Amino acid sequence: MSCLLLRLAAPLQSWGDSSRFSRRRTRTEPTKSGVIGLLAAAQGRRRTDPIEDLAALRFGVRIDQPGRIERDFQTSIRRRPGAKPEPMPLSYRYYLSDAVFVAGVEGHEKLLDGLDEALQTPQFPLFLGRRACAPTEPLSLGVHPGSLEDSLRAIEWQAATWYRRQQYQVVHLELALDAPPGDVLAESVRDVPISYDPTRREYGWRDIMRPTERVVVPNPGGRSEPDFLAALGGG
């Protein structure tokens with residue numbers, strides 16, 4: 001098995017998995033449905049095209065720079081011929097600002113090589129959850145041999161320089177991975193794309209595991225750890 005790794009960074013991202021009606025929420029890390037949609041767009045697949053091969057890829061994320069949640073609210077008016085303008089309900093849309101993630105999909109090398117090539121010359125515009133959220137470069141971090149978890153642990157930390165300076169000299173990065181069957185501690189989310197057809201969008205369930213052993217990254221330019229004993233007058 002091999003892994004294709006992606007650097008997902010932008011001023012704004014939004015990864016909804018349960019948004020309905022006037023509240024469009026975002027998860028705190030990229031969704032499988034959103035990333036598979038990005039890969040399908042790069043290949044030029046239409047929303048009605050099959051995606052079973054992409055949905056079957058194992059998915060995972062490393063949170064390199066969590067960002068913060070921002071809320072935007074929008075108003076709109078419905079205009080119809082011969083009728084007065086009709087105000088629509090206020091809608092709330094949530095985004096992640098200044099976040100950076102490394103996302104990965106695990107599968108056969110031939111398929112991943114094709115996806116990596118498509119990301120270099122995408123057939124459709126690519127975005128991170130919503131059309132307004134264009135990714136910054138580089139997007140693809142290439143295809144790597146080995147398992148998904150090992151690849152996410154080994155890849156270089158992708159956080160911005162200003163963010164690194166604000167962290168301590170040792171940083172612990174969280175992972176979120178597709179869980180193996182039977183993991184009783186896993187979180188279940190409806191996040192497996194079955195169809196992107198706008199007339200009948202359909203998603204299945206997947207389980208997410210968050211390993212207790214985080215990725216430890218040295219950060220020489222960061223802040224020193226506080227010495228609580230010294231502050232108390234201890235030796």
# chains A, B, ... in the order shown; residues from 1 in each chain; ligands from 1
>>> residues_around(residues="A:Ser14", least_positions_apart="5", cutoff="10 Å", atoms="only C-alpha atoms", output="list in words")
Arg24, Arg25, Thr26, Arg27, Thr28, Glu29, Pro30, Thr31, Gly34, Ile69, Glu70, Arg93, Tyr94, Tyr95, Leu96, Ser97, Phe127, Leu128, Gly129, Arg130, Arg131, Ala132 and Cys133 of chain A
>>> residues_around(residues="A:Leu112", least_positions_apart="3", cutoff="8 Å", atoms="only C-alpha atoms", output="list in words")
Ser2, Cys3, Leu4, Gly107, His108, Glu109, Leu115, Asp116 and Val143 of chain A
>>> write_last_selection(atoms="all heavy atoms", output="PDB file, in the first residue's frame")
ATOM      1  N   SER A   2       0.297   2.335  -0.545  1.00  0.00           N
ATOM      2  CA  SER A   2       0.948   3.637  -0.563  1.00  0.00           C
ATOM      3  C   SER A   2      -0.039   4.698  -0.108  1.00  0.00           C
ATOM      4  O   SER A   2      -1.242   4.425   0.037  1.00  0.00           O
ATOM      5  CB  SER A   2       1.461   3.964  -1.967  1.00  0.00           C
ATOM      6  OG  SER A   2       2.412   3.025  -2.408  1.00  0.00           O
ATOM      7  N   CYS A   3       0.469   5.914   0.120  1.00  0.00           N
ATOM      8  CA  CYS A   3      -0.382   7.007   0.572  1.00  0.00           C
ATOM      9  C   CYS A   3      -0.119   8.255  -0.260  1.00  0.00           C
ATOM     10  O   CYS A   3       1.038   8.582  -0.544  1.00  0.00           O
ATOM     11  CB  CYS A   3      -0.118   7.335   2.035  1.00  0.00           C
ATOM     12  SG  CYS A   3      -0.553   6.018   3.149  1.00  0.00           S
ATOM     13  N   LEU A   4      -1.182   8.943  -0.617  1.00  0.00           N
ATOM     14  CA  LEU A   4      -1.102  10.265  -1.216  1.00  0.00           C
ATOM     15  C   LEU A   4      -1.398  11.271  -0.117  1.00  0.00           C
ATOM     16  O   LEU A   4      -2.450  11.207   0.528  1.00  0.00           O
ATOM     17  CB  LEU A   4      -2.112  10.409  -2.357  1.00  0.00           C
ATOM     18  CG  LEU A   4      -2.295  11.816  -2.931  1.00  0.00           C
ATOM     19  CD1 LEU A   4      -0.995  12.331  -3.556  1.00  0.00           C
ATOM     20  CD2 LEU A   4      -3.431  11.843  -3.941  1.00  0.00           C
ATOM     21  N   GLY A 107      -4.113   3.580  -0.512  1.00  0.00           N
ATOM     22  CA  GLY A 107      -4.656   2.641  -1.488  1.00  0.00           C
ATOM     23  C   GLY A 107      -3.567   2.151  -2.411  1.00  0.00           C
ATOM     24  O   GLY A 107      -2.369   2.228  -2.100  1.00  0.00           O
ATOM     25  N   HIS A 108      -3.974   1.637  -3.587  1.00  0.00           N
ATOM     26  CA  HIS A 108      -3.017   1.111  -4.547  1.00  0.00           C
ATOM     27  C   HIS A 108      -2.246   2.240  -5.224  1.00  0.00           C
ATOM     28  O   HIS A 108      -2.808   3.288  -5.571  1.00  0.00           O
ATOM     29  CB  HIS A 108      -3.724   0.244  -5.581  1.00  0.00           C
ATOM     30  CG  HIS A 108      -4.287  -1.020  -5.006  1.00  0.00           C
ATOM     31  ND1 HIS A 108      -3.485  -2.044  -4.542  1.00  0.00           N
ATOM     32  CD2 HIS A 108      -5.570  -1.422  -4.790  1.00  0.00           C
ATOM     33  CE1 HIS A 108      -4.253  -3.027  -4.082  1.00  0.00           C
ATOM     34  NE2 HIS A 108      -5.521  -2.664  -4.220  1.00  0.00           N
ATOM     35  N   GLU A 109      -0.972   2.012  -5.430  1.00  0.00           N
ATOM     36  CA  GLU A 109      -0.078   3.060  -5.926  1.00  0.00           C
ATOM     37  C   GLU A 109      -0.515   3.606  -7.281  1.00  0.00           C
ATOM     38  O   GLU A 109      -0.424   4.811  -7.530  1.00  0.00           O
ATOM     39  CB  GLU A 109       1.346   2.523  -6.012  1.00  0.00           C
ATOM     40  CG  GLU A 109       2.367   3.565  -6.388  1.00  0.00           C
ATOM     41  CD  GLU A 109       3.784   3.033  -6.340  1.00  0.00           C
ATOM     42  OE1 GLU A 109       3.965   1.834  -6.035  1.00  0.00           O
ATOM     43  OE2 GLU A 109       4.714   3.810  -6.621  1.00  0.00           O
ATOM     44  N   LEU A 115      -4.114  10.213  -9.195  1.00  0.00           N
ATOM     45  CA  LEU A 115      -4.687  11.340  -8.448  1.00  0.00           C
ATOM     46  C   LEU A 115      -3.653  12.444  -8.258  1.00  0.00           C
ATOM     47  O   LEU A 115      -3.962  13.636  -8.396  1.00  0.00           O
ATOM     48  CB  LEU A 115      -5.191  10.850  -7.090  1.00  0.00           C
ATOM     49  CG  LEU A 115      -6.412   9.928  -7.115  1.00  0.00           C
ATOM     50  CD1 LEU A 115      -6.662   9.341  -5.726  1.00  0.00           C
ATOM     51  CD2 LEU A 115      -7.645  10.675  -7.602  1.00  0.00           C
ATOM     52  N   ASP A 116      -2.423  12.061  -7.958  1.00  0.00           N
ATOM     53  CA  ASP A 116      -1.361  13.040  -7.784  1.00  0.00           C
ATOM     54  C   ASP A 116      -1.138  13.823  -9.078  1.00  0.00           C
ATOM     55  O   ASP A 116      -0.987  15.055  -9.058  1.00  0.00           O
ATOM     56  CB  ASP A 116      -0.078  12.324  -7.369  1.00  0.00           C
ATOM     57  CG  ASP A 116       1.040  13.287  -7.008  1.00  0.00           C
ATOM     58  OD1 ASP A 116       0.743  14.387  -6.507  1.00  0.00           O
ATOM     59  OD2 ASP A 116       2.213  12.938  -7.241  1.00  0.00           O
ATOM     60  N   VAL A 143       3.164  10.979  -3.379  1.00  0.00           N
ATOM     61  CA  VAL A 143       2.803   9.616  -2.992  1.00  0.00           C
ATOM     62  C   VAL A 143       3.952   9.012  -2.200  1.00  0.00           C
ATOM     63  O   VAL A 143       5.120   9.108  -2.604  1.00  0.00           O
ATOM     64  CB  VAL A 143       2.499   8.757  -4.240  1.00  0.00           C
ATOM     65  CG1 VAL A 143       2.194   7.313  -3.834  1.00  0.00           C
ATOM     66  CG2 VAL A 143       1.329   9.349  -5.018  1.00  0.00           C
TER      67      VAL A 143
END
>>> closest_atom_pairs(of="stretch 15-99 of chain A", to="stretch 165-175 of chain A", cutoff="10 Å", atoms="only C-alpha atoms", output="CSV")
residue,atom,partner,partner_atom,distance
A:Glu29,CA,A:Leu175,CA,9.8
A:Gly60,CA,A:Leu175,CA,7.3
A:Val61,CA,A:Leu175,CA,5.8
A:Arg62,CA,A:Leu175,CA,4.6
A:Ile63,CA,A:Glu174,CA,5.5
A:Asp64,CA,A:Leu173,CA,6.1
A:Gln65,CA,A:Leu173,CA,8.6
A:Pro66,CA,A:Leu173,CA,9.5
>>> write_last_selection(atoms="N, CA and C atoms", output="PDB file, in the first residue's frame")
ATOM      1  N   GLU A  29     -11.653  19.472  11.551  1.00  0.00           N
ATOM      2  CA  GLU A  29     -10.666  18.924  10.642  1.00  0.00           C
ATOM      3  C   GLU A  29     -11.356  18.528   9.341  1.00  0.00           C
ATOM      4  N   GLY A  60      -7.236   9.777   6.440  1.00  0.00           N
ATOM      5  CA  GLY A  60      -6.766  10.267   7.730  1.00  0.00           C
ATOM      6  C   GLY A  60      -6.274  11.697   7.626  1.00  0.00           C
ATOM      7  N   VAL A  61      -6.144  12.348   8.786  1.00  0.00           N
ATOM      8  CA  VAL A  61      -5.751  13.758   8.850  1.00  0.00           C
ATOM      9  C   VAL A  61      -4.795  13.963  10.021  1.00  0.00           C
ATOM     10  N   ARG A  62      -3.804  14.822   9.806  1.00  0.00           N
ATOM     11  CA  ARG A  62      -2.976  15.314  10.909  1.00  0.00           C
ATOM     12  C   ARG A  62      -3.238  16.804  11.058  1.00  0.00           C
ATOM     13  N   ILE A  63      -3.478  17.243  12.273  1.00  0.00           N
ATOM     14  CA  ILE A  63      -3.824  18.641  12.522  1.00  0.00           C
ATOM     15  C   ILE A  63      -2.534  19.400  12.843  1.00  0.00           C
ATOM     16  N   ASP A  64      -1.993  20.089  11.854  1.00  0.00           N
ATOM     17  CA  ASP A  64      -0.723  20.799  12.015  1.00  0.00           C
ATOM     18  C   ASP A  64      -0.904  22.193  12.592  1.00  0.00           C
ATOM     19  N   GLN A  65      -2.015  22.830  12.276  1.00  0.00           N
ATOM     20  CA  GLN A  65      -2.310  24.188  12.757  1.00  0.00           C
ATOM     21  C   GLN A  65      -3.833  24.292  12.870  1.00  0.00           C
ATOM     22  N   PRO A  66      -4.387  24.203  14.084  1.00  0.00           N
ATOM     23  CA  PRO A  66      -5.840  24.039  14.231  1.00  0.00           C
ATOM     24  C   PRO A  66      -6.686  25.172  13.670  1.00  0.00           C
TER      25      PRO A  66
END
>>> closest_residue(among="A:Arg201, A:Leu152, A:Ala99, A:Ile208", to="A:Val184", atoms="only C-alpha atoms")
A:Ile208
>>> select_by_dssp(residues="chain A", states="alpha helix (DSSP H)", output="ChimeraX atom specification")
/A:32-43,52-55,109-120,148-154,161-166,228-231
>>> closest_residue(among="A:Pro226, A:Pro122, A:Gly146, A:Gly114", to="A:Leu54", atoms="only C-alpha atoms")
A:Gly114
>>> closest_residue(among="A:Gly182, A:Gly104, A:Pro211, A:Gly82", to="A:Leu148", atoms="only C-alpha atoms")
A:Gly104
>>> closest_residue(among="A:Phe73, A:Ala159, A:Pro125, A:Pro193", to="A:Val35", atoms="only C-alpha atoms")
A:Pro193
>>> residues_around(residues="A:Ala40", least_positions_apart="4", cutoff="9 Å", atoms="only C-alpha atoms", output="VMD selection string")
chain A and resid 35 to 36 44 to 47 51 54 115 124
>>> closest_residue(among="A:Ala103, A:Leu141, A:Met209, A:Leu111", to="A:Ser188", atoms="only C-alpha atoms")
A:Met209
>>> atom_distance(atom1="atom CA of A:Ile155", atom2="atom CA of A:Phe101")
11.5 Å
>>> atom_distance(atom1="atom CA of A:Ala134", atom2="atom CA of A:Asp17")
19.0 Å
>>> residues_around(residues="A:Ala55", least_positions_apart="2", cutoff="12 Å", atoms="only C-alpha atoms", output="PyMOL selection string")
chain A and resi 31-40+50-53+57-59+105-107+178+191-196+203-206
>>> write_last_selection(atoms="N, CA and C atoms", output="mmCIF file, in the first residue's frame")
data_model
loop_
_atom_site.group_PDB
_atom_site.id
_atom_site.type_symbol
_atom_site.label_atom_id
_atom_site.label_comp_id
_atom_site.auth_asym_id
_atom_site.auth_seq_id
_atom_site.Cartn_x
_atom_site.Cartn_y
_atom_site.Cartn_z
ATOM 1 N N THR A 31 -13.101 16.679 6.233
ATOM 2 C CA THR A 31 -13.936 15.499 6.128
ATOM 3 C C THR A 31 -13.491 14.623 4.962
ATOM 4 N N LYS A 32 -13.798 13.347 5.070
ATOM 5 C CA LYS A 32 -13.480 12.442 3.961
ATOM 6 C C LYS A 32 -14.287 12.819 2.726
ATOM 7 N N SER A 33 -15.559 13.141 2.893
ATOM 8 C CA SER A 33 -16.404 13.490 1.751
ATOM 9 C C SER A 33 -15.873 14.722 1.032
ATOM 10 N N GLY A 34 -15.361 15.701 1.800
ATOM 11 C CA GLY A 34 -14.831 16.905 1.190
ATOM 12 C C GLY A 34 -13.553 16.655 0.414
ATOM 13 N N VAL A 35 -12.647 15.859 0.981
ATOM 14 C CA VAL A 35 -11.377 15.580 0.309
ATOM 15 C C VAL A 35 -11.580 14.681 -0.902
ATOM 16 N N ILE A 36 -12.458 13.678 -0.794
ATOM 17 C CA ILE A 36 -12.748 12.826 -1.955
ATOM 18 C C ILE A 36 -13.377 13.663 -3.065
ATOM 19 N N GLY A 37 -14.226 14.615 -2.706
ATOM 20 C CA GLY A 37 -14.802 15.516 -3.702
ATOM 21 C C GLY A 37 -13.734 16.336 -4.396
ATOM 22 N N LEU A 38 -12.734 16.801 -3.646
ATOM 23 C CA LEU A 38 -11.630 17.556 -4.229
ATOM 24 C C LEU A 38 -10.859 16.700 -5.229
ATOM 25 N N LEU A 39 -10.573 15.444 -4.861
ATOM 26 C CA LEU A 39 -9.838 14.549 -5.756
ATOM 27 C C LEU A 39 -10.650 14.229 -7.014
ATOM 28 N N ALA A 40 -11.944 14.032 -6.839
ATOM 29 C CA ALA A 40 -12.806 13.756 -7.997
ATOM 30 C C ALA A 40 -12.839 14.957 -8.939
ATOM 31 N N PRO A 50 -19.530 7.741 -11.045
ATOM 32 C CA PRO A 50 -19.246 6.832 -9.919
ATOM 33 C C PRO A 50 -18.001 7.270 -9.156
ATOM 34 N N ILE A 51 -17.995 7.047 -7.829
ATOM 35 C CA ILE A 51 -16.851 7.413 -6.989
ATOM 36 C C ILE A 51 -16.484 6.287 -6.018
ATOM 37 N N GLU A 52 -16.973 5.066 -6.293
ATOM 38 C CA GLU A 52 -16.734 3.970 -5.355
ATOM 39 C C GLU A 52 -15.246 3.718 -5.110
ATOM 40 N N ASP A 53 -14.426 3.851 -6.166
ATOM 41 C CA ASP A 53 -12.992 3.588 -6.003
ATOM 42 C C ASP A 53 -12.341 4.609 -5.076
ATOM 43 N N LEU A 57 -10.909 4.343 -0.430
ATOM 44 C CA LEU A 57 -9.583 4.664 0.086
ATOM 45 C C LEU A 57 -9.650 4.953 1.587
ATOM 46 N N ARG A 58 -8.666 4.464 2.336
ATOM 47 C CA ARG A 58 -8.602 4.794 3.765
ATOM 48 C C ARG A 58 -8.151 6.240 3.909
ATOM 49 N N PHE A 59 -8.760 6.959 4.855
ATOM 50 C CA PHE A 59 -8.564 8.410 4.982
ATOM 51 C C PHE A 59 -8.076 8.764 6.375
ATOM 52 N N VAL A 105 -4.772 9.748 1.827
ATOM 53 C CA VAL A 105 -5.596 8.603 1.415
ATOM 54 C C VAL A 105 -4.660 7.447 1.113
ATOM 55 N N GLU A 106 -5.051 6.258 1.546
ATOM 56 C CA GLU A 106 -4.232 5.053 1.402
ATOM 57 C C GLU A 106 -4.897 4.107 0.425
ATOM 58 N N GLY A 107 -4.113 3.580 -0.512
ATOM 59 C CA GLY A 107 -4.656 2.641 -1.488
ATOM 60 C C GLY A 107 -3.567 2.151 -2.411
ATOM 61 N N ASP A 178 -9.435 6.861 9.794
ATOM 62 C CA ASP A 178 -10.487 5.853 9.662
ATOM 63 C C ASP A 178 -10.177 4.708 10.621
ATOM 64 N N ASP A 191 -20.055 10.459 6.738
ATOM 65 C CA ASP A 191 -19.045 11.211 5.989
ATOM 66 C C ASP A 191 -18.420 10.393 4.855
ATOM 67 N N VAL A 192 -19.050 9.324 4.418
ATOM 68 C CA VAL A 192 -18.537 8.554 3.289
ATOM 69 C C VAL A 192 -19.387 8.874 2.066
ATOM 70 N N PRO A 193 -18.825 9.498 1.034
ATOM 71 C CA PRO A 193 -19.635 9.876 -0.126
ATOM 72 C C PRO A 193 -20.090 8.657 -0.916
ATOM 73 N N ILE A 194 -21.372 8.580 -1.161
ATOM 74 C CA ILE A 194 -21.939 7.539 -2.022
ATOM 75 C C ILE A 194 -22.317 8.132 -3.370
ATOM 76 N N SER A 195 -22.866 9.343 -3.341
ATOM 77 C CA SER A 195 -23.214 10.053 -4.573
ATOM 78 C C SER A 195 -23.177 11.548 -4.312
ATOM 79 N N TYR A 196 -22.559 12.301 -5.245
ATOM 80 C CA TYR A 196 -22.570 13.763 -5.185
ATOM 81 C C TYR A 196 -23.653 14.351 -6.087
ATOM 82 N N TYR A 203 -24.734 9.913 1.629
ATOM 83 C CA TYR A 203 -23.506 9.665 2.382
ATOM 84 C C TYR A 203 -23.709 8.497 3.331
ATOM 85 N N GLY A 204 -22.649 7.721 3.520
ATOM 86 C CA GLY A 204 -22.670 6.620 4.474
ATOM 87 C C GLY A 204 -21.866 6.971 5.715
ATOM 88 N N TRP A 205 -21.821 6.021 6.657
ATOM 89 C CA TRP A 205 -21.160 6.247 7.942
ATOM 90 C C TRP A 205 -19.733 5.720 7.930
ATOM 91 N N ARG A 206 -18.869 6.366 8.702
ATOM 92 C CA ARG A 206 -17.525 5.858 8.948
ATOM 93 C C ARG A 206 -17.158 6.134 10.399
#
>>> select_by_dssp(residues="stretch 103-224 of chain A", states="strand (DSSP E or B)", output="PyMOL selection string")
chain A and resi 103-107+140-145+168+170-178+187-195+202-209+215-218+223
>>> atom_distance(atom1="atom CA of A:Leu119", atom2="atom CA of A:Ala41")
9.1 Å
>>> closest_residue(among="A:Ala176, A:Ala9, A:Met88, A:Leu126", to="A:Glu213", atoms="only C-alpha atoms")
A:Ala176
